[in-house]
>>> print(open('model.tsv').read())   # TSV, C-alpha atoms
chain	number	residue	atom	x	y	z
I	1	MET	CA	153.06	96.00	-87.10
I	2	LYS	CA	155.24	93.16	-88.38
I	3	ASP	CA	154.28	90.90	-85.51
I	4	LYS	CA	150.59	91.50	-86.05
I	5	ASN	CA	150.83	90.48	-89.69
I	6	PHE	CA	152.76	87.37	-88.81
I	7	VAL	CA	150.07	86.30	-86.35
I	8	ILE	CA	147.40	87.01	-88.96
I	9	LYS	CA	149.20	84.68	-91.36
I	10	LEU	CA	149.58	81.91	-88.80
I	11	VAL	CA	145.98	82.11	-87.66
I	12	GLY	CA	144.77	82.43	-91.23
I	13	GLY	CA	146.72	79.29	-92.05
I	14	VAL	CA	144.97	77.34	-89.33
I	15	LEU	CA	141.56	78.41	-90.54
I	16	ILE	CA	142.24	77.96	-94.24
I	17	GLY	CA	143.96	74.64	-93.67
I	18	PHE	CA	141.06	73.41	-91.63
I	19	LEU	CA	138.38	74.38	-94.13
I	20	ASN	CA	140.33	73.22	-97.17
I	21	GLY	CA	140.99	69.88	-95.52
I	22	PHE	CA	137.57	69.33	-94.02
I	23	PHE	CA	135.69	70.23	-97.18
I	24	GLY	CA	138.21	69.04	-99.74
I	25	GLY	CA	138.56	72.45	-101.32
I	26	GLY	CA	137.49	76.03	-101.21
I	27	GLY	CA	140.56	77.17	-99.35
I	28	GLY	CA	141.85	79.20	-102.26
I	29	MET	CA	138.77	81.36	-102.16
I	30	LEU	CA	139.46	82.18	-98.55
I	31	VAL	CA	143.16	82.87	-98.95
I	32	VAL	CA	142.51	85.66	-101.44
I	33	PRO	CA	140.42	87.86	-99.11
I	34	LEU	CA	142.91	87.19	-96.32
I	35	LEU	CA	145.69	88.51	-98.52
I	36	THR	CA	143.83	91.43	-100.08
I	37	LEU	CA	141.80	92.69	-97.13
I	38	PHE	CA	144.03	91.93	-94.15
I	39	LEU	CA	147.45	92.08	-95.77
I	40	LYS	CA	146.70	94.66	-98.44
I	41	MET	CA	148.10	92.57	-101.25
I	42	PRO	CA	147.24	93.53	-104.84
I	43	GLU	CA	144.63	91.28	-106.48
I	44	GLN	CA	146.82	89.49	-109.03
I	45	LYS	CA	149.56	88.75	-106.54
I	46	ALA	CA	146.95	87.50	-104.10
I	47	HIS	CA	145.52	85.01	-106.58
I	48	ALA	CA	148.97	83.75	-107.53
I	49	THR	CA	150.12	83.48	-103.92
I	50	ALA	CA	146.87	81.74	-102.98
I	51	ILE	CA	147.53	78.92	-105.43
I	52	PHE	CA	151.04	78.58	-104.04
I	53	VAL	CA	149.64	78.30	-100.52
I	54	ILE	CA	146.91	75.81	-101.37
I	55	LEU	CA	149.19	73.43	-103.27
I	56	PRO	CA	151.09	71.91	-100.31
I	57	LEU	CA	147.91	71.91	-98.25
I	58	SER	CA	146.09	70.01	-100.97
I	59	ILE	CA	148.92	67.51	-101.32
I	60	ALA	CA	148.81	66.82	-97.59
I	61	SER	CA	145.01	66.44	-97.60
I	62	SER	CA	145.09	64.26	-100.68
I	63	VAL	CA	147.36	61.79	-98.95
I	64	VAL	CA	144.99	61.56	-96.01
I	65	TYR	CA	141.90	61.17	-98.18
I	66	ILE	CA	143.47	58.43	-100.31
I	67	THR	CA	144.68	56.47	-97.34
I	68	GLN	CA	141.62	56.95	-95.14
I	69	SER	CA	138.74	56.65	-97.54
I	70	PRO	CA	137.82	54.71	-100.70
I	71	MET	CA	138.86	56.14	-104.06
I	72	GLN	CA	137.84	55.10	-107.55
I	73	PHE	CA	140.90	55.86	-109.58
I	74	ASN	CA	139.16	55.60	-112.93
I	75	VAL	CA	136.69	58.32	-111.94
I	76	LEU	CA	139.58	60.37	-110.58
I	77	GLY	CA	141.43	60.02	-113.88
I	78	PHE	CA	138.52	61.27	-115.96
I	79	VAL	CA	137.80	64.18	-113.67
I	80	ALA	CA	141.45	65.19	-113.35
I	81	GLY	CA	141.84	65.15	-117.12
I	82	GLY	CA	138.81	67.38	-117.46
I	83	VAL	CA	140.08	69.75	-114.80
I	84	LEU	CA	143.45	70.16	-116.49
I	85	ALA	CA	141.85	70.85	-119.87
I	86	GLY	CA	139.28	73.16	-118.33
I	87	GLY	CA	141.93	74.97	-116.35
I	88	ILE	CA	143.83	75.86	-119.48
I	89	VAL	CA	140.64	77.12	-121.12
I	90	GLY	CA	139.74	79.08	-118.00
I	91	ALA	CA	143.12	80.73	-117.77
I	92	LEU	CA	142.85	81.78	-121.41
I	93	LEU	CA	139.28	83.00	-120.97
I	94	LEU	CA	140.18	84.97	-117.87
I	95	LYS	CA	140.99	88.10	-119.78
I	96	LYS	CA	138.19	87.89	-122.28
I	97	ILE	CA	135.00	87.30	-120.39
I	98	ASN	CA	133.12	89.74	-118.21
I	99	ASN	CA	134.29	88.80	-114.78
I	100	THR	CA	131.46	90.40	-112.85
I	101	ALA	CA	128.68	88.66	-114.77
I	102	LEU	CA	130.40	85.33	-114.21
I	103	ARG	CA	130.85	85.97	-110.52
I	104	VAL	CA	127.18	86.77	-110.14
I	105	ALA	CA	126.23	83.64	-112.05
I	106	PHE	CA	128.51	81.34	-110.12
I	107	SER	CA	127.83	82.75	-106.71
I	108	VAL	CA	124.14	82.19	-107.35
I	109	ILE	CA	124.79	78.64	-108.59
I	110	MET	CA	126.90	77.88	-105.56
I	111	ILE	CA	124.29	79.19	-103.17
I	112	VAL	CA	121.55	77.23	-104.87
I	113	ALA	CA	123.64	74.05	-104.84
I	114	GLY	CA	124.39	74.64	-101.17
I	115	LEU	CA	120.74	75.09	-100.35
I	116	LYS	CA	119.95	71.90	-102.22
I	117	LEU	CA	122.44	69.99	-100.12
I	118	VAL	CA	121.15	71.46	-96.89
I	119	PHE	CA	117.42	71.04	-97.57
M	1	MET	CA	131.68	61.00	-120.13
M	2	LEU	CA	130.00	62.97	-117.38
M	3	TYR	CA	133.06	62.91	-115.16
M	4	VAL	CA	135.15	64.64	-117.79
M	5	VAL	CA	132.48	67.30	-118.36
M	6	PHE	CA	132.23	68.07	-114.67
M	7	GLY	CA	136.01	68.20	-114.49
M	8	VAL	CA	136.13	70.67	-117.37
M	9	VAL	CA	133.52	72.90	-115.72
M	10	GLY	CA	135.41	72.84	-112.45
M	11	GLY	CA	138.69	73.44	-114.24
M	12	ILE	CA	137.41	76.45	-116.14
M	13	LEU	CA	136.09	78.03	-112.97
M	14	GLY	CA	139.28	77.22	-111.14
M	15	GLY	CA	141.36	78.60	-113.98
M	16	MET	CA	139.48	81.85	-113.63
M	17	GLY	CA	140.13	81.94	-109.92
M	18	MET	CA	136.55	81.30	-108.93
M	19	GLY	CA	136.93	78.31	-106.68
M	20	GLY	CA	136.04	75.83	-109.36
M	21	GLY	CA	136.67	72.89	-107.12
M	22	THR	CA	133.91	73.75	-104.81
M	23	LEU	CA	131.35	73.47	-107.58
M	24	LEU	CA	132.91	70.26	-108.85
M	25	ILE	CA	132.14	68.46	-105.61
M	26	PRO	CA	128.36	68.98	-105.64
M	27	LEU	CA	128.27	68.24	-109.38
M	28	LEU	CA	129.83	64.86	-108.64
M	29	THR	CA	127.70	64.11	-105.59
M	30	ILE	CA	124.34	65.38	-106.82
M	31	PHE	CA	124.47	64.37	-110.50
M	32	ALA	CA	126.92	61.48	-110.59
M	33	GLY	CA	126.14	59.90	-107.25
M	34	VAL	CA	129.71	60.01	-106.02
M	35	ASN	CA	130.34	59.60	-102.30
M	36	GLN	CA	130.98	62.95	-100.57
M	37	GLN	CA	134.41	62.06	-99.17
M	38	MET	CA	135.48	60.56	-102.49
M	39	ALA	CA	134.32	63.66	-104.36
M	40	GLN	CA	136.31	65.83	-101.98
M	41	GLY	CA	139.38	63.66	-102.44
M	42	ILE	CA	138.94	63.77	-106.21
M	43	ASN	CA	138.70	67.54	-106.09
M	44	LEU	CA	141.87	67.84	-104.03
M	45	ILE	CA	143.90	65.58	-106.30
M	46	SER	CA	142.54	66.90	-109.62
M	47	PHE	CA	143.59	70.36	-108.70
M	48	LEU	CA	147.27	69.43	-108.28
M	49	PRO	CA	148.52	69.23	-111.91
M	50	MET	CA	146.77	72.45	-112.82
M	51	ALA	CA	148.12	74.18	-109.73
M	52	ILE	CA	151.68	73.19	-110.56
M	53	VAL	CA	151.36	74.59	-114.08
M	54	ALA	CA	149.82	77.81	-112.77
M	55	ILE	CA	152.55	78.23	-110.18
M	56	ILE	CA	155.30	77.83	-112.77
M	57	ILE	CA	153.70	80.56	-114.86
M	58	HIS	CA	152.99	82.88	-111.94
M	59	ASN	CA	156.52	82.44	-110.67
M	60	LYS	CA	157.92	83.45	-114.06
M	61	ASN	CA	155.84	86.60	-113.78
M	62	LYS	CA	157.11	87.17	-110.25
M	63	LEU	CA	153.60	87.22	-108.86
M	64	ILE	CA	154.09	84.91	-105.88
M	65	ASP	CA	154.79	86.37	-102.47
M	66	PHE	CA	156.76	83.53	-100.88
M	67	LYS	CA	157.51	85.35	-97.66
M	68	THR	CA	153.84	85.82	-96.94
M	69	ALA	CA	152.95	82.32	-98.05
M	70	PHE	CA	155.25	80.34	-95.77
M	71	PRO	CA	153.73	81.08	-92.35
M	72	ILE	CA	150.27	80.38	-93.78
M	73	ILE	CA	151.47	77.09	-95.22
M	74	PHE	CA	153.17	76.16	-91.97
M	75	THR	CA	150.09	76.22	-89.77
M	76	GLY	CA	147.92	75.31	-92.74
M	77	ILE	CA	149.49	71.92	-93.29
M	78	ILE	CA	149.14	70.88	-89.67
M	79	SER	CA	145.56	72.04	-89.55
M	80	THR	CA	144.62	70.53	-92.89
M	81	VAL	CA	145.90	67.07	-92.00
M	82	GLY	CA	143.82	67.09	-88.83
M	83	ALA	CA	140.78	68.33	-90.69
M	84	SER	CA	141.18	65.69	-93.39
M	85	PHE	CA	141.24	62.91	-90.82
M	86	LEU	CA	138.15	64.43	-89.27
M	87	ALA	CA	136.34	64.62	-92.60
M	88	THR	CA	137.15	61.08	-93.66
M	89	GLY	CA	135.93	59.87	-90.29
M	90	THR	CA	132.67	61.79	-90.42
M	91	ASN	CA	129.30	60.39	-91.44
M	92	GLU	CA	128.75	61.10	-95.14
M	93	LEU	CA	125.34	62.70	-94.76
M	94	LEU	CA	126.56	65.00	-92.04
M	95	LEU	CA	129.53	66.01	-94.16
M	96	LYS	CA	127.20	66.70	-97.09
M	97	LEU	CA	125.03	68.90	-94.91
M	98	LEU	CA	127.98	70.85	-93.59
M	99	PHE	CA	129.39	71.12	-97.09
M	100	GLY	CA	126.09	72.64	-98.17
M	101	PHE	CA	126.49	75.41	-95.61
M	102	PHE	CA	130.07	75.92	-96.71
M	103	LEU	CA	128.96	76.24	-100.31
M	104	ILE	CA	126.38	78.87	-99.40
M	105	TYR	CA	129.05	80.75	-97.49
M	106	LEU	CA	131.50	80.61	-100.40
M	107	GLY	CA	128.80	81.71	-102.82
M	108	ALA	CA	128.20	84.73	-100.63
M	109	VAL	CA	131.94	85.46	-100.44
M	110	LEU	CA	132.19	85.28	-104.23
M	111	PHE	CA	129.18	87.55	-104.63
M	112	LEU	CA	130.48	90.12	-102.18
M	113	SER	CA	133.92	90.08	-103.78
M	114	ILE	CA	132.35	91.91	-106.70
M	115	PHE	CA	131.91	94.94	-104.49
M	116	PHE	CA	135.27	94.79	-102.78
M	117	GLU	CA	137.60	94.40	-105.74
M	118	LYS	CA	140.68	96.60	-105.70
M	119	LYS	CA	142.36	97.26	-109.00
M	120	ASN	CA	146.10	96.61	-109.30
>>> encode(input="model.tsv", output="C-alpha cells")
Amino acid sequence: MKDKNFVIKLVGGVLIGFLNGFFGGGGGMLVVPLLTLFLKMPEQKAHATAIFVILPLSIASSVVYITQSPMQFNVLGFVAGGVLAGGIVGALLLKKINNTALRVAFSVIMIVAGLKLVF
Amino acid sequence: MLYVVFGVVGGILGGMGMGGGTLLIPLLTIFAGVNQQMAQGINLISFLPMAIVAIIIHNKNKLIDFKTAFPIIFTGIISTVGASFLATGTNELLLKLLFGFFLIYLGAVLFLSIFFEKKN
C-alpha cells in the first residue's frame, strides 16, 4: 500500500512537472485531482498542498524561461502586480461566491479560448 | 493598463483555486499580442509572490501535507526543468497550438470537477 502511493507521487510529479513546465502553468489544477482522487486527500488540504508543490516547480521553470527566452520586465511587473492584487481579492471572494456557477463559467471560457488557439 | 487587468483576472481565478494562470496566458497572447513563451514565463513568475503568501497562511492553518508533497516535488523539479527547456526551444506557433489543446483539457477537468467534489 505505502509503496504504491509513493510511486503514484513520483510518477505524478513527473507528469505535473512536465506539463507545468512545458505550458508555463496549469500544474496546480492537475495536482489537486491527483491528491483527492488517487491519494484520498480532503479538498482543502489538497488545494493547499498543491500550491506548496507548484511553488518550487514554478521557481525552477521561471529560471529556465528567463534565461532561455526573451522577457519584457515592464510587462511582467504590471501583470505580477495585478495577479497579487487579484489573488487577494480571489481568496476573499472564495467563500462568498457560488463556486459551481463560476466553475461552469470558467471551464467554458477556457474551452472556448483553447478552441480559438487551435483553430 | 491592460496588463494589470489581465493580471487581476488571473489572480482572482488563481486565488479561488481555479487555475487562473492558465487563462492569463491566452489573455496575454490573444488580446495583448504577447509572445507565447514570454506569456508562459510571465505567468510562472507572477504566480510566485501570491503563492508564497498563500503558503504562509495555509501553513498556519496546518493545511499542507509536506510528506506527500516532497516526492512529487522531487521528480517534478527534474521534469519541469526539462520541459521548460523544451518549451523555450519550440516554435511559437506550435507551442500555441499545443497550449490550445491543453486549455481545452483543463477546461474539461475544471468542468468535471463539479461532479466529483468531495466535501471535507
>>> atom_distance(input="model.tsv", atom1="CA of Leu55 in chain I", atom2="CA of Val11 in chain I")
18.1 Å
>>> interface_residues(input="model.tsv", of="chain I", to="chain M", cutoff="6 Å", atoms="only C-alpha atoms", output="number ranges by chain")
I: 9-10, 13-14, 17-18, 21-22, 24-26, 29, 42, 45, 48-49, 53, 57-58, 61-62, 65, 71, 76, 78-80, 82-84, 86-87, 89-91, 94, 104, 107, 110-111, 114, 117-118
>>> atom_distance(input="model.tsv", atom1="CA of Ala46 in chain I", atom2="CA of Ala113 in chain I")
26.9 Å
>>> atom_distance(input="model.tsv", atom1="CA of Ile54 in chain I", atom2="CA of Val32 in chain I")
10.8 Å
>>> closest_residue(input="model.tsv", among="I:Leu39, I:Val31, I:Ala50, I:Ile97", to="Val7 in chain I", atoms="all atoms listed in the file")
I:Leu39
>>> decode(input="model.tsv", residues="range 85-116 of chain M", atoms="N, CA, C and O atoms", output="PDB file, in the first residue's frame")
ATOM      1  N   PHE M  85      12.967  23.773 -20.874  1.00  0.00           N
ATOM      2  CA  PHE M  85      13.941  23.909 -21.965  1.00  0.00           C
ATOM      3  C   PHE M  85      13.279  23.548 -23.286  1.00  0.00           C
ATOM      4  O   PHE M  85      13.482  24.202 -24.301  1.00  0.00           O
ATOM      5  N   LEU M  86      12.477  22.510 -23.248  1.00  0.00           N
ATOM      6  CA  LEU M  86      11.790  22.060 -24.453  1.00  0.00           C
ATOM      7  C   LEU M  86      10.860  23.154 -24.967  1.00  0.00           C
ATOM      8  O   LEU M  86      10.852  23.488 -26.147  1.00  0.00           O
ATOM      9  N   ALA M  87      10.092  23.740 -24.053  1.00  0.00           N
ATOM     10  CA  ALA M  87       9.127  24.759 -24.451  1.00  0.00           C
ATOM     11  C   ALA M  87       9.810  25.995 -25.024  1.00  0.00           C
ATOM     12  O   ALA M  87       9.378  26.547 -26.040  1.00  0.00           O
ATOM     13  N   THR M  88      10.882  26.443 -24.375  1.00  0.00           N
ATOM     14  CA  THR M  88      11.535  27.654 -24.855  1.00  0.00           C
ATOM     15  C   THR M  88      12.240  27.396 -26.185  1.00  0.00           C
ATOM     16  O   THR M  88      12.496  28.315 -26.955  1.00  0.00           O
ATOM     17  N   GLY M  89      12.503  26.125 -26.474  1.00  0.00           N
ATOM     18  CA  GLY M  89      13.136  25.814 -27.749  1.00  0.00           C
ATOM     19  C   GLY M  89      12.162  25.457 -28.857  1.00  0.00           C
ATOM     20  O   GLY M  89      12.555  25.198 -29.980  1.00  0.00           O
ATOM     21  N   THR M  90      10.888  25.461 -28.528  1.00  0.00           N
ATOM     22  CA  THR M  90       9.872  25.071 -29.507  1.00  0.00           C
ATOM     23  C   THR M  90       9.378  26.259 -30.313  1.00  0.00           C
ATOM     24  O   THR M  90       9.343  27.379 -29.816  1.00  0.00           O
ATOM     25  N   ASN M  91       8.990  26.010 -31.546  1.00  0.00           N
ATOM     26  CA  ASN M  91       8.400  27.040 -32.390  1.00  0.00           C
ATOM     27  C   ASN M  91       7.154  27.623 -31.726  1.00  0.00           C
ATOM     28  O   ASN M  91       6.324  26.887 -31.197  1.00  0.00           O
ATOM     29  N   GLU M  92       7.032  28.952 -31.743  1.00  0.00           N
ATOM     30  CA  GLU M  92       5.960  29.608 -31.001  1.00  0.00           C
ATOM     31  C   GLU M  92       4.569  29.174 -31.440  1.00  0.00           C
ATOM     32  O   GLU M  92       3.677  28.961 -30.625  1.00  0.00           O
ATOM     33  N   LEU M  93       4.378  29.035 -32.744  1.00  0.00           N
ATOM     34  CA  LEU M  93       3.045  28.671 -33.232  1.00  0.00           C
ATOM     35  C   LEU M  93       2.670  27.253 -32.807  1.00  0.00           C
ATOM     36  O   LEU M  93       1.521  26.968 -32.466  1.00  0.00           O
ATOM     37  N   LEU M  94       3.655  26.390 -32.840  1.00  0.00           N
ATOM     38  CA  LEU M  94       3.401  25.014 -32.405  1.00  0.00           C
ATOM     39  C   LEU M  94       3.034  24.985 -30.931  1.00  0.00           C
ATOM     40  O   LEU M  94       2.096  24.310 -30.510  1.00  0.00           O
ATOM     41  N   LEU M  95       3.776  25.765 -30.149  1.00  0.00           N
ATOM     42  CA  LEU M  95       3.513  25.811 -28.711  1.00  0.00           C
ATOM     43  C   LEU M  95       2.111  26.349 -28.439  1.00  0.00           C
ATOM     44  O   LEU M  95       1.389  25.849 -27.587  1.00  0.00           O
ATOM     45  N   LYS M  96       1.721  27.362 -29.215  1.00  0.00           N
ATOM     46  CA  LYS M  96       0.380  27.950 -29.075  1.00  0.00           C
ATOM     47  C   LYS M  96      -0.684  26.905 -29.360  1.00  0.00           C
ATOM     48  O   LYS M  96      -1.676  26.786 -28.654  1.00  0.00           O
ATOM     49  N   LEU M  97      -0.469  26.140 -30.414  1.00  0.00           N
ATOM     50  CA  LEU M  97      -1.418  25.104 -30.799  1.00  0.00           C
ATOM     51  C   LEU M  97      -1.563  24.070 -29.686  1.00  0.00           C
ATOM     52  O   LEU M  97      -2.658  23.718 -29.264  1.00  0.00           O
ATOM     53  N   LEU M  98      -0.432  23.600 -29.210  1.00  0.00           N
ATOM     54  CA  LEU M  98      -0.438  22.607 -28.146  1.00  0.00           C
ATOM     55  C   LEU M  98      -1.070  23.169 -26.882  1.00  0.00           C
ATOM     56  O   LEU M  98      -1.814  22.486 -26.181  1.00  0.00           O
ATOM     57  N   PHE M  99      -0.769  24.446 -26.616  1.00  0.00           N
ATOM     58  CA  PHE M  99      -1.345  25.093 -25.443  1.00  0.00           C
ATOM     59  C   PHE M  99      -2.869  25.131 -25.558  1.00  0.00           C
ATOM     60  O   PHE M  99      -3.583  24.977 -24.575  1.00  0.00           O
ATOM     61  N   GLY M 100      -3.342  25.347 -26.785  1.00  0.00           N
ATOM     62  CA  GLY M 100      -4.784  25.351 -27.013  1.00  0.00           C
ATOM     63  C   GLY M 100      -5.419  24.034 -26.595  1.00  0.00           C
ATOM     64  O   GLY M 100      -6.453  24.003 -25.915  1.00  0.00           O
ATOM     65  N   PHE M 101      -4.793  22.940 -26.968  1.00  0.00           N
ATOM     66  CA  PHE M 101      -5.304  21.620 -26.579  1.00  0.00           C
ATOM     67  C   PHE M 101      -5.275  21.461 -25.061  1.00  0.00           C
ATOM     68  O   PHE M 101      -6.204  20.942 -24.456  1.00  0.00           O
ATOM     69  N   PHE M 102      -4.198  21.931 -24.474  1.00  0.00           N
ATOM     70  CA  PHE M 102      -4.046  21.846 -23.029  1.00  0.00           C
ATOM     71  C   PHE M 102      -5.157  22.612 -22.330  1.00  0.00           C
ATOM     72  O   PHE M 102      -5.737  22.164 -21.350  1.00  0.00           O
ATOM     73  N   LEU M 103      -5.468  23.785 -22.868  1.00  0.00           N
ATOM     74  CA  LEU M 103      -6.506  24.628 -22.295  1.00  0.00           C
ATOM     75  C   LEU M 103      -7.873  23.942 -22.360  1.00  0.00           C
ATOM     76  O   LEU M 103      -8.657  23.979 -21.417  1.00  0.00           O
ATOM     77  N   ILE M 104      -8.131  23.299 -23.499  1.00  0.00           N
ATOM     78  CA  ILE M 104      -9.397  22.568 -23.641  1.00  0.00           C
ATOM     79  C   ILE M 104      -9.452  21.455 -22.599  1.00  0.00           C
ATOM     80  O   ILE M 104     -10.475  21.250 -21.931  1.00  0.00           O
ATOM     81  N   TYR M 105      -8.336  20.751 -22.457  1.00  0.00           N
ATOM     82  CA  TYR M 105      -8.268  19.666 -21.487  1.00  0.00           C
ATOM     83  C   TYR M 105      -8.514  20.183 -20.073  1.00  0.00           C
ATOM     84  O   TYR M 105      -9.303  19.619 -19.312  1.00  0.00           O
ATOM     85  N   LEU M 106      -7.858  21.278 -19.705  1.00  0.00           N
ATOM     86  CA  LEU M 106      -8.032  21.837 -18.364  1.00  0.00           C
ATOM     87  C   LEU M 106      -9.455  22.324 -18.138  1.00  0.00           C
ATOM     88  O   LEU M 106     -10.005  22.193 -17.043  1.00  0.00           O
ATOM     89  N   GLY M 107     -10.039  22.905 -19.183  1.00  0.00           N
ATOM     90  CA  GLY M 107     -11.424  23.358 -19.070  1.00  0.00           C
ATOM     91  C   GLY M 107     -12.330  22.184 -18.757  1.00  0.00           C
ATOM     92  O   GLY M 107     -13.232  22.268 -17.918  1.00  0.00           O
ATOM     93  N   ALA M 108     -12.068  21.061 -19.433  1.00  0.00           N
ATOM     94  CA  ALA M 108     -12.861  19.863 -19.189  1.00  0.00           C
ATOM     95  C   ALA M 108     -12.649  19.347 -17.770  1.00  0.00           C
ATOM     96  O   ALA M 108     -13.595  18.956 -17.086  1.00  0.00           O
ATOM     97  N   VAL M 109     -11.402  19.354 -17.305  1.00  0.00           N
ATOM     98  CA  VAL M 109     -11.090  18.920 -15.937  1.00  0.00           C
ATOM     99  C   VAL M 109     -11.837  19.784 -14.928  1.00  0.00           C
ATOM    100  O   VAL M 109     -12.438  19.288 -13.979  1.00  0.00           O
ATOM    101  N   LEU M 110     -11.815  21.084 -15.146  1.00  0.00           N
ATOM    102  CA  LEU M 110     -12.497  22.013 -14.249  1.00  0.00           C
ATOM    103  C   LEU M 110     -13.993  21.733 -14.239  1.00  0.00           C
ATOM    104  O   LEU M 110     -14.638  21.687 -13.196  1.00  0.00           O
ATOM    105  N   PHE M 111     -14.548  21.514 -15.434  1.00  0.00           N
ATOM    106  CA  PHE M 111     -15.978  21.259 -15.550  1.00  0.00           C
ATOM    107  C   PHE M 111     -16.359  19.973 -14.822  1.00  0.00           C
ATOM    108  O   PHE M 111     -17.319  19.926 -14.056  1.00  0.00           O
ATOM    109  N   LEU M 112     -15.583  18.926 -15.059  1.00  0.00           N
ATOM    110  CA  LEU M 112     -15.884  17.642 -14.431  1.00  0.00           C
ATOM    111  C   LEU M 112     -15.695  17.672 -12.929  1.00  0.00           C
ATOM    112  O   LEU M 112     -16.343  16.921 -12.198  1.00  0.00           O
ATOM    113  N   SER M 113     -14.813  18.553 -12.449  1.00  0.00           N
ATOM    114  CA  SER M 113     -14.552  18.619 -11.014  1.00  0.00           C
ATOM    115  C   SER M 113     -15.808  18.979 -10.240  1.00  0.00           C
ATOM    116  O   SER M 113     -15.943  18.666  -9.061  1.00  0.00           O
ATOM    117  N   ILE M 114     -16.739  19.618 -10.935  1.00  0.00           N
ATOM    118  CA  ILE M 114     -18.007  19.988 -10.294  1.00  0.00           C
ATOM    119  C   ILE M 114     -18.723  18.737  -9.810  1.00  0.00           C
ATOM    120  O   ILE M 114     -19.341  18.720  -8.744  1.00  0.00           O
ATOM    121  N   PHE M 115     -18.613  17.673 -10.605  1.00  0.00           N
ATOM    122  CA  PHE M 115     -19.351  16.460 -10.281  1.00  0.00           C
ATOM    123  C   PHE M 115     -18.605  15.526  -9.343  1.00  0.00           C
ATOM    124  O   PHE M 115     -19.175  14.583  -8.811  1.00  0.00           O
ATOM    125  N   PHE M 116     -17.302  15.811  -9.142  1.00  0.00           N
ATOM    126  CA  PHE M 116     -16.520  14.875  -8.344  1.00  0.00           C
ATOM    127  C   PHE M 116     -16.092  15.439  -7.004  1.00  0.00           C
ATOM    128  O   PHE M 116     -15.281  14.864  -6.317  1.00  0.00           O
TER     129      PHE M 116
END
